[in-house]
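Structure file my_file19.cif (mmCIF, C-alpha atoms) is printed below.
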```cif
data_coords
loop_
_atom_site.label_atom_id
_atom_site.label_comp_id
_atom_site.auth_asym_id
_atom_site.auth_seq_id
_atom_site.Cartn_x
_atom_site.Cartn_y
_atom_site.Cartn_z
CA MET A 240 76.63 177.16 182.37
CA LYS A 241 78.06 174.43 184.57
CA LYS A 242 81.78 173.97 185.11
CA MET A 243 83.21 170.53 184.26
CA ASP A 244 84.63 170.16 187.79
CA GLU A 245 81.21 170.88 189.29
CA VAL A 246 79.52 168.26 187.09
CA LYS A 247 82.23 165.73 187.88
CA GLN A 248 81.38 166.14 191.58
CA ASN A 249 77.62 166.69 191.57
CA GLY A 250 76.36 165.03 188.40
CA PHE A 251 74.23 166.44 185.65
CA SER A 252 70.72 165.33 184.73
CA VAL A 253 69.06 166.26 181.49
CA LEU A 254 65.37 166.17 180.87
CA PRO A 255 64.46 164.59 177.58
CA ILE A 256 65.50 166.72 174.63
CA THR A 257 62.71 167.30 172.13
CA THR A 258 63.41 168.19 168.50
CA GLU A 259 61.05 168.63 165.57
CA HIS A 260 60.70 164.86 165.01
CA LEU A 261 62.48 163.18 167.92
CA ILE A 262 62.70 162.71 171.65
CA LEU A 263 66.13 162.01 173.14
CA ARG A 264 65.71 160.52 176.57
CA PRO A 265 67.56 158.50 179.19
CA GLY A 266 67.76 154.78 178.51
CA ARG A 267 65.70 152.23 180.41
CA LEU A 268 66.10 148.48 180.81
CA SER A 269 62.79 148.15 178.94
CA ASP A 270 64.64 149.46 175.83
CA PHE A 271 66.73 146.28 175.72
CA GLU A 272 64.86 144.47 172.91
CA SER A 273 64.61 147.58 170.72
CA VAL A 274 68.29 148.41 171.15
CA ASN A 275 69.37 144.84 170.41
CA GLN A 276 67.28 144.87 167.23
CA TYR A 277 69.68 147.42 165.73
CA ALA A 278 72.84 147.00 167.82
CA LEU A 279 73.41 143.43 166.66
CA LYS A 280 73.07 144.18 162.92
CA GLU A 281 76.34 144.06 161.02
CA GLN A 282 75.72 147.31 159.13
CA VAL A 283 75.40 149.11 162.50
CA TYR A 284 78.51 147.76 164.23
CA ARG A 285 80.72 147.10 161.19
CA TYR A 286 82.79 150.27 161.54
CA ILE A 287 82.45 150.77 165.30
CA ARG A 288 83.30 147.56 167.16
CA PRO A 289 82.21 143.94 167.30
CA PRO A 290 78.58 143.38 168.39
CA GLU A 291 77.89 144.18 171.99
CA GLY A 292 75.90 141.23 173.24
CA ASP A 293 73.28 141.21 175.96
CA GLU A 294 75.50 142.04 178.94
CA ARG A 295 77.03 145.12 177.34
CA THR A 296 73.61 146.37 176.20
CA HIS A 297 72.26 145.99 179.76
CA ARG A 298 75.26 147.92 181.18
CA MET A 299 74.80 150.67 178.60
CA LEU A 300 71.10 151.09 179.40
CA GLU A 301 71.76 151.10 183.15
CA SER A 302 74.38 153.83 182.75
CA MET A 303 72.03 155.88 180.54
CA ALA A 304 69.45 155.92 183.35
CA LYS A 305 71.85 157.49 185.88
CA PRO A 306 72.83 161.15 186.32
CA TRP A 307 75.90 162.08 184.31
CA PHE A 308 79.08 162.43 186.34
CA LEU A 309 81.51 163.68 183.74
CA VAL A 310 84.54 161.58 184.54
CA GLU A 311 87.12 161.26 181.81
CA GLY A 312 86.50 158.21 179.63
CA GLN A 313 83.04 157.32 181.00
CA TRP A 314 80.32 157.18 178.31
CA HIS A 315 76.88 158.77 178.80
CA GLY A 316 74.02 158.77 176.38
CA LEU A 317 70.45 159.16 175.29
CA ILE A 318 68.05 156.88 173.47
CA ILE A 319 66.62 158.28 170.24
CA THR A 320 62.89 157.80 169.63
CA TYR A 321 60.36 159.30 167.26
CA SER A 322 58.14 161.87 168.98
CA ALA A 323 55.03 159.80 168.21
CA GLU A 324 56.35 156.53 169.64
CA ASP A 325 58.54 155.47 172.53
CA ARG A 326 60.60 152.75 170.83
CA ALA A 327 64.40 153.08 170.67
CA ILE A 328 65.58 153.56 167.08
CA GLY A 329 69.11 154.65 167.93
CA ASP A 330 71.34 156.15 170.56
CA ILE A 331 73.70 159.06 170.87
CA VAL A 332 76.55 158.94 173.35
CA PHE A 333 79.33 161.18 174.60
CA ARG A 334 82.23 161.13 177.03
CA VAL A 335 84.81 163.49 178.40
CA ASP A 336 87.71 162.82 176.05
CA ASP A 337 90.15 165.10 177.88
CA GLU A 338 89.33 166.86 181.13
CA ALA A 339 92.21 169.34 181.00
CA THR A 340 91.22 170.72 177.60
CA ARG A 341 87.45 170.36 178.29
CA ARG A 342 86.97 168.21 175.20
CA ILE A 343 84.00 165.86 174.69
CA GLU A 344 83.75 162.99 172.19
CA LEU A 345 80.44 162.25 170.47
CA GLY A 346 79.20 158.96 168.99
CA TYR A 347 75.95 157.64 167.53
CA ARG A 348 74.15 154.59 166.11
CA LEU A 349 70.87 154.16 164.30
CA SER A 350 68.69 151.27 163.19
CA PRO A 351 69.30 150.60 159.46
CA GLU A 352 65.62 150.99 158.55
CA ASN A 353 65.76 154.58 159.84
CA SER A 354 69.00 155.62 158.15
CA GLY A 355 69.06 158.27 155.45
CA LYS A 356 66.22 160.27 157.04
CA GLY A 357 68.30 162.93 158.82
CA ILE A 358 67.59 161.43 162.26
CA ILE A 359 71.18 161.34 163.51
CA SER A 360 71.86 164.82 162.13
CA GLU A 361 68.83 166.16 164.03
CA ALA A 362 69.68 164.27 167.23
CA ALA A 363 73.39 165.13 167.13
CA ALA A 364 72.70 168.83 166.54
CA ALA A 365 70.41 168.86 169.60
CA VAL A 366 72.99 167.11 171.79
CA VAL A 367 75.86 169.31 170.59
CA ASP A 368 73.74 172.40 171.27
CA MET A 369 72.84 171.12 174.76
CA LEU A 370 76.48 170.33 175.58
CA PHE A 371 77.76 173.74 174.45
CA ARG A 372 74.85 175.54 176.17
CA GLU A 373 74.98 173.67 179.48
CA LEU A 374 78.68 172.90 180.01
CA ASP A 375 81.87 174.96 179.86
CA ILE A 376 83.42 172.69 177.22
CA VAL A 377 85.77 174.03 174.57
CA LYS A 378 85.49 171.39 171.86
CA ILE A 379 83.48 168.41 170.67
CA VAL A 380 85.22 165.69 168.68
CA ALA A 381 84.05 162.63 166.77
CA ARG A 382 85.92 159.77 165.14
CA CYS A 383 85.08 157.24 162.47
CA ASP A 384 86.43 154.70 160.04
CA PRO A 385 86.92 156.50 156.67
CA ARG A 386 84.79 153.81 154.99
CA ASN A 387 81.83 154.94 157.13
CA ILE A 388 80.87 157.76 154.79
CA PRO A 389 77.43 158.50 156.36
CA SER A 390 79.10 158.97 159.75
CA TYR A 391 81.57 161.62 158.64
CA GLN A 392 78.92 163.30 156.48
CA ILE A 393 76.93 163.84 159.70
CA MET A 394 80.02 165.31 161.37
CA GLU A 395 80.43 167.70 158.45
CA LYS A 396 76.72 168.69 158.60
CA LEU A 397 77.31 169.64 162.24
CA GLY A 398 80.09 171.98 161.10
CA MET A 399 82.90 169.73 162.31
CA LYS A 400 86.21 169.92 160.47
CA ARG A 401 88.38 166.94 159.63
CA GLU A 402 91.50 167.49 161.70
CA ALA A 403 93.37 164.24 161.22
CA GLU A 404 93.57 161.00 159.28
CA PHE A 405 95.36 158.12 160.97
CA LYS A 406 96.48 154.98 159.14
CA SER A 407 96.13 151.55 160.78
CA HIS A 408 95.15 153.33 163.97
CA TYR A 409 92.09 151.66 165.54
CA LEU A 410 91.61 147.99 166.37
CA ASN A 411 88.05 146.90 165.54
CA GLY A 412 87.87 143.25 166.55
CA ASP A 413 90.76 141.67 164.65
CA GLU A 414 90.95 144.39 161.99
CA LEU A 415 93.34 147.33 162.22
CA THR A 416 91.51 150.25 160.59
CA ASP A 417 92.17 153.82 159.58
CA GLN A 418 90.49 156.66 161.45
CA PHE A 419 89.24 160.18 160.68
CA ASP A 420 89.15 162.66 163.57
CA TYR A 421 86.76 165.61 163.41
CA GLY A 422 86.42 168.57 165.74
CA LEU A 423 84.09 171.49 166.46
CA LEU A 424 85.09 174.42 168.65
CA ARG A 425 82.52 176.20 170.79
CA LYS A 426 83.26 179.46 168.99
CA ASP A 427 82.36 177.86 165.64
CA TRP A 428 79.05 176.30 166.77
CA GLN A 429 76.13 178.04 165.14
CA THR A 430 72.61 177.70 166.52
CA ASN A 431 69.67 177.95 164.15
#
```

Mind turning the file's structure into structure tokens?
Amino acid sequence: MKKMDEVKQNGFSVLPITTEHLILRPGRLSDFESVNQYALKEQVYRYIRPPEGDERTHRMLESMAKPWFLVEGQWHGLIITYSAEDRAIGDIVFRVDDEATRRIELGYRLSPENSGKGIISEAAAAVVDMLFRELDIVKIVARCDPRNIPSYQIMEKLGMKREAEFKSHYLNGDELTDQFDYGLLRKDWQTN
């Protein structure tokens, strides 16, 4: 298990993660069109943030291709693909939320045509397992708009507990929204 300080200094590379149906791999600039096909759809970004646009998508894919230096606040991620094809259908990201408490925040997006199939649950479980197995983190957290029911249902499937509800807490474009905060301690993570 790697210490957070060590990873902050030396980086951390992960080979693609394979699950029963999926491959989670580093992003590539060639994923740009596939990512934009879902990232610019209103039902994908509605409860997260305004649409990203081309420049932000390029920056995200470039950062996904690099080793992970776990610096507080810097996002890292993996592209989600079906095992049988190499087209991006979603992405799962994380960042060091608080270095001192060794807490990591998790986030995810999926193309609407693939929602409701358990893809994010499968991908998120694999990433959470990898993070707890490989790094000396204490807790993984996730946040969402309370209206984004599928998002917090995934958090609950992972065994996360709702720890807080904030009113008028998060600015999404011009809209001030409420926020649910969920958390999962290492000691409560169960592997199958």

Env of segment 271-278 of chain A: 12 Å cut, atoms = all atoms listed in the file, seq-sep filter 6 positions within chain, self excluded. Answer as number ranges by chain.
A: 284-285, 287-301, 303, 317-320, 325-331, 347-354

Compile the contact shell of Gly357 of chain A as a PyMOL selection string: residues with an atom at most 12 Å away, counting all atoms listed in the file, same-chain residues fewer than 4 positions apart removed.
chain A and resi 259-261+349+353+361-364+389-390+392-393+396-397

Store the residues of this selection in a file with C-alpha atoms, as a PDB file, in the frame of the given file.
```
ATOM      1  CA  GLU A 259      61.050 168.630 165.570  1.00  0.00           C
ATOM      2  CA  HIS A 260      60.700 164.860 165.010  1.00  0.00           C
ATOM      3  CA  LEU A 261      62.480 163.180 167.920  1.00  0.00           C
ATOM      4  CA  LEU A 349      70.870 154.160 164.300  1.00  0.00           C
ATOM      5  CA  ASN A 353      65.760 154.580 159.840  1.00  0.00           C
ATOM      6  CA  GLU A 361      68.830 166.160 164.030  1.00  0.00           C
ATOM      7  CA  ALA A 362      69.680 164.270 167.230  1.00  0.00           C
ATOM      8  CA  ALA A 363      73.390 165.130 167.130  1.00  0.00           C
ATOM      9  CA  ALA A 364      72.700 168.830 166.540  1.00  0.00           C
ATOM     10  CA  PRO A 389      77.430 158.500 156.360  1.00  0.00           C
ATOM     11  CA  SER A 390      79.100 158.970 159.750  1.00  0.00           C
ATOM     12  CA  GLN A 392      78.920 163.300 156.480  1.00  0.00           C
ATOM     13  CA  ILE A 393      76.930 163.840 159.700  1.00  0.00           C
ATOM     14  CA  LYS A 396      76.720 168.690 158.600  1.00  0.00           C
ATOM     15  CA  LEU A 397      77.310 169.640 162.240  1.00  0.00           C
TER      16      LEU A 397
END
```

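Under the PyMOL selection byres ((chain A and resi 378) around 7), the matching residues in the shown file are Arg341, Arg342, Ile343, Ile376, Val377, Ile379, Val380, Gly422, Leu423, Leu424 and Arg425 of chain A.
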
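What the PyMOL selection byres ((chain A and resi 404) around 7) picks from this file is Ala403, Phe405, Lys406, Gln418, Phe419 and Asp420 of chain A.
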
Write to file, as an mmCIF file, keeping the file's coordinate frame, the residues of the selection just made, with C-alpha atoms.
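selection.cif written:
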```cif
data_model
loop_
_atom_site.group_PDB
_atom_site.id
_atom_site.type_symbol
_atom_site.label_atom_id
_atom_site.label_comp_id
_atom_site.auth_asym_id
_atom_site.auth_seq_id
_atom_site.Cartn_x
_atom_site.Cartn_y
_atom_site.Cartn_z
ATOM 1 C CA ALA A 403 93.370 164.240 161.220
ATOM 2 C CA PHE A 405 95.360 158.120 160.970
ATOM 3 C CA LYS A 406 96.480 154.980 159.140
ATOM 4 C CA GLN A 418 90.490 156.660 161.450
ATOM 5 C CA PHE A 419 89.240 160.180 160.680
ATOM 6 C CA ASP A 420 89.150 162.660 163.570
#
```

Once the PyMOL selection byres ((chain A and resi 247) around 10) has been evaluated on this model, what residues remain selected, and can you format them as a PyMOL selection string?
chain A and resi 242-246+248-251+307-311+338

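For the atom pair formed by atom CA of Arg401 of chain A and atom CA of Pro265 of chain A, the distance is 29.8 Å, given to one decimal.
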
State, in Å with one decimal place, the distance from atom CA of Thr258 of chain A to atom CA of Glu324 of chain A.
13.7 Å

As an exercise, work out the distance from atom CA of Ser302 of chain A to atom CA of Val332 of chain A in Å and give it to one decimal place.
10.9 Å

Give the answer as one residue: which of A:Ala365, A:Arg334, A:Ile262, A:Glu414 has the shortest atom-to-atom distance to Ala381 of chain A, using only C-alpha atoms?
A:Arg334

Edge lengths and centre in Å, axis-aligned, segment 291-299 of chain A plus 4 Å each side, as JSON:
```
{"center_x": 75.1, "center_y": 145.9, "center_z": 176.6, "size_x": 13.6, "size_y": 17.5, "size_z": 17.2}
```

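When all atoms listed in the file are used to measure the gap to Lys400 of chain A, the shortest distance among A:Ser360, A:Gly346, A:Arg382, A:Leu279 belongs to A:Arg382.
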
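Between Ile358 of chain A and the candidates A:Leu374, A:Ile388, A:Leu263, A:Val253, the tightest atom-to-atom separation, counting all atoms listed in the file, involves A:Leu263.
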
Rebuild segment 255-289 of chain A so that it carries N, CA and C atoms, then output the result as a PDB file, in the frame of the given file.
```
ATOM      1  N   PRO A 255      64.446 164.968 179.000  1.00  0.00           N
ATOM      2  CA  PRO A 255      64.460 164.590 177.580  1.00  0.00           C
ATOM      3  C   PRO A 255      64.585 165.821 176.690  1.00  0.00           C
ATOM      4  N   ILE A 256      65.314 165.662 175.620  1.00  0.00           N
ATOM      5  CA  ILE A 256      65.500 166.720 174.630  1.00  0.00           C
ATOM      6  C   ILE A 256      64.501 166.456 173.507  1.00  0.00           C
ATOM      7  N   THR A 257      63.708 167.447 173.184  1.00  0.00           N
ATOM      8  CA  THR A 257      62.710 167.300 172.130  1.00  0.00           C
ATOM      9  C   THR A 257      63.155 168.122 170.926  1.00  0.00           C
ATOM     10  N   THR A 258      63.117 167.499 169.750  1.00  0.00           N
ATOM     11  CA  THR A 258      63.410 168.190 168.500  1.00  0.00           C
ATOM     12  C   THR A 258      62.130 168.178 167.659  1.00  0.00           C
ATOM     13  N   GLU A 259      62.231 168.593 166.435  1.00  0.00           N
ATOM     14  CA  GLU A 259      61.050 168.630 165.570  1.00  0.00           C
ATOM     15  C   GLU A 259      60.400 167.247 165.417  1.00  0.00           C
ATOM     16  N   HIS A 260      61.225 166.205 165.270  1.00  0.00           N
ATOM     17  CA  HIS A 260      60.700 164.860 165.010  1.00  0.00           C
ATOM     18  C   HIS A 260      61.029 163.838 166.094  1.00  0.00           C
ATOM     19  N   LEU A 261      61.907 164.182 167.027  1.00  0.00           N
ATOM     20  CA  LEU A 261      62.480 163.180 167.920  1.00  0.00           C
ATOM     21  C   LEU A 261      62.361 163.555 169.395  1.00  0.00           C
ATOM     22  N   ILE A 262      62.485 162.522 170.221  1.00  0.00           N
ATOM     23  CA  ILE A 262      62.700 162.710 171.650  1.00  0.00           C
ATOM     24  C   ILE A 262      63.970 161.940 171.994  1.00  0.00           C
ATOM     25  N   LEU A 263      64.899 162.622 172.656  1.00  0.00           N
ATOM     26  CA  LEU A 263      66.130 162.010 173.140  1.00  0.00           C
ATOM     27  C   LEU A 263      65.986 161.925 174.645  1.00  0.00           C
ATOM     28  N   ARG A 264      66.012 160.712 175.161  1.00  0.00           N
ATOM     29  CA  ARG A 264      65.710 160.520 176.570  1.00  0.00           C
ATOM     30  C   ARG A 264      66.686 159.537 177.196  1.00  0.00           C
ATOM     31  N   PRO A 265      66.722 159.503 178.534  1.00  0.00           N
ATOM     32  CA  PRO A 265      67.560 158.500 179.190  1.00  0.00           C
ATOM     33  C   PRO A 265      67.124 157.090 178.801  1.00  0.00           C
ATOM     34  N   GLY A 266      68.070 156.171 178.799  1.00  0.00           N
ATOM     35  CA  GLY A 266      67.760 154.780 178.510  1.00  0.00           C
ATOM     36  C   GLY A 266      67.070 154.119 179.687  1.00  0.00           C
ATOM     37  N   ARG A 267      66.369 153.040 179.391  1.00  0.00           N
ATOM     38  CA  ARG A 267      65.700 152.230 180.410  1.00  0.00           C
ATOM     39  C   ARG A 267      65.958 150.760 180.079  1.00  0.00           C
ATOM     40  N   LEU A 268      65.925 149.908 181.066  1.00  0.00           N
ATOM     41  CA  LEU A 268      66.100 148.480 180.810  1.00  0.00           C
ATOM     42  C   LEU A 268      65.027 147.951 179.866  1.00  0.00           C
ATOM     43  N   SER A 269      63.865 148.575 179.853  1.00  0.00           N
ATOM     44  CA  SER A 269      62.790 148.150 178.940  1.00  0.00           C
ATOM     45  C   SER A 269      63.133 148.441 177.474  1.00  0.00           C
ATOM     46  N   ASP A 270      64.195 149.197 177.212  1.00  0.00           N
ATOM     47  CA  ASP A 270      64.640 149.460 175.830  1.00  0.00           C
ATOM     48  C   ASP A 270      65.489 148.316 175.274  1.00  0.00           C
ATOM     49  N   PHE A 271      65.780 147.329 176.095  1.00  0.00           N
ATOM     50  CA  PHE A 271      66.730 146.280 175.720  1.00  0.00           C
ATOM     51  C   PHE A 271      66.419 145.633 174.371  1.00  0.00           C
ATOM     52  N   GLU A 272      65.206 145.166 174.173  1.00  0.00           N
ATOM     53  CA  GLU A 272      64.860 144.470 172.910  1.00  0.00           C
ATOM     54  C   GLU A 272      64.997 145.398 171.715  1.00  0.00           C
ATOM     55  N   SER A 273      64.516 146.622 171.834  1.00  0.00           N
ATOM     56  CA  SER A 273      64.610 147.580 170.720  1.00  0.00           C
ATOM     57  C   SER A 273      66.050 147.892 170.375  1.00  0.00           C
ATOM     58  N   VAL A 274      66.883 148.104 171.394  1.00  0.00           N
ATOM     59  CA  VAL A 274      68.290 148.410 171.150  1.00  0.00           C
ATOM     60  C   VAL A 274      68.980 147.221 170.492  1.00  0.00           C
ATOM     61  N   ASN A 275      68.734 146.022 171.000  1.00  0.00           N
ATOM     62  CA  ASN A 275      69.370 144.840 170.410  1.00  0.00           C
ATOM     63  C   ASN A 275      68.938 144.615 168.967  1.00  0.00           C
ATOM     64  N   GLN A 276      67.730 145.040 168.606  1.00  0.00           N
ATOM     65  CA  GLN A 276      67.280 144.870 167.230  1.00  0.00           C
ATOM     66  C   GLN A 276      68.173 145.607 166.240  1.00  0.00           C
ATOM     67  N   TYR A 277      68.753 146.744 166.652  1.00  0.00           N
ATOM     68  CA  TYR A 277      69.680 147.420 165.730  1.00  0.00           C
ATOM     69  C   TYR A 277      71.136 147.218 166.109  1.00  0.00           C
ATOM     70  N   ALA A 278      71.434 147.079 167.389  1.00  0.00           N
ATOM     71  CA  ALA A 278      72.840 147.000 167.820  1.00  0.00           C
ATOM     72  C   ALA A 278      73.538 145.744 167.341  1.00  0.00           C
ATOM     73  N   LEU A 279      72.794 144.686 167.071  1.00  0.00           N
ATOM     74  CA  LEU A 279      73.410 143.430 166.660  1.00  0.00           C
ATOM     75  C   LEU A 279      73.472 143.261 165.140  1.00  0.00           C
ATOM     76  N   LYS A 280      73.029 144.258 164.387  1.00  0.00           N
ATOM     77  CA  LYS A 280      73.070 144.180 162.920  1.00  0.00           C
ATOM     78  C   LYS A 280      74.447 144.595 162.421  1.00  0.00           C
ATOM     79  N   GLU A 281      74.981 143.811 161.495  1.00  0.00           N
ATOM     80  CA  GLU A 281      76.340 144.060 161.020  1.00  0.00           C
ATOM     81  C   GLU A 281      76.523 145.465 160.464  1.00  0.00           C
ATOM     82  N   GLN A 282      75.542 145.980 159.723  1.00  0.00           N
ATOM     83  CA  GLN A 282      75.720 147.310 159.130  1.00  0.00           C
ATOM     84  C   GLN A 282      75.786 148.403 160.195  1.00  0.00           C
ATOM     85  N   VAL A 283      75.333 148.132 161.415  1.00  0.00           N
ATOM     86  CA  VAL A 283      75.400 149.110 162.500  1.00  0.00           C
ATOM     87  C   VAL A 283      76.762 149.055 163.189  1.00  0.00           C
ATOM     88  N   TYR A 284      77.256 147.871 163.475  1.00  0.00           N
ATOM     89  CA  TYR A 284      78.510 147.760 164.230  1.00  0.00           C
ATOM     90  C   TYR A 284      79.749 147.594 163.361  1.00  0.00           C
ATOM     91  N   ARG A 285      79.589 147.400 162.079  1.00  0.00           N
ATOM     92  CA  ARG A 285      80.720 147.100 161.190  1.00  0.00           C
ATOM     93  C   ARG A 285      81.918 148.018 161.380  1.00  0.00           C
ATOM     94  N   TYR A 286      81.684 149.319 161.459  1.00  0.00           N
ATOM     95  CA  TYR A 286      82.790 150.270 161.540  1.00  0.00           C
ATOM     96  C   TYR A 286      83.011 150.826 162.947  1.00  0.00           C
ATOM     97  N   ILE A 287      82.321 150.271 163.936  1.00  0.00           N
ATOM     98  CA  ILE A 287      82.450 150.770 165.300  1.00  0.00           C
ATOM     99  C   ILE A 287      83.241 149.793 166.162  1.00  0.00           C
ATOM    100  N   ARG A 288      82.686 148.605 166.330  1.00  0.00           N
ATOM    101  CA  ARG A 288      83.300 147.560 167.160  1.00  0.00           C
ATOM    102  C   ARG A 288      82.491 146.288 166.945  1.00  0.00           C
ATOM    103  N   PRO A 289      83.004 145.168 167.403  1.00  0.00           N
ATOM    104  CA  PRO A 289      82.210 143.940 167.300  1.00  0.00           C
ATOM    105  C   PRO A 289      80.889 144.082 168.058  1.00  0.00           C
TER     106      PRO A 289
END
```
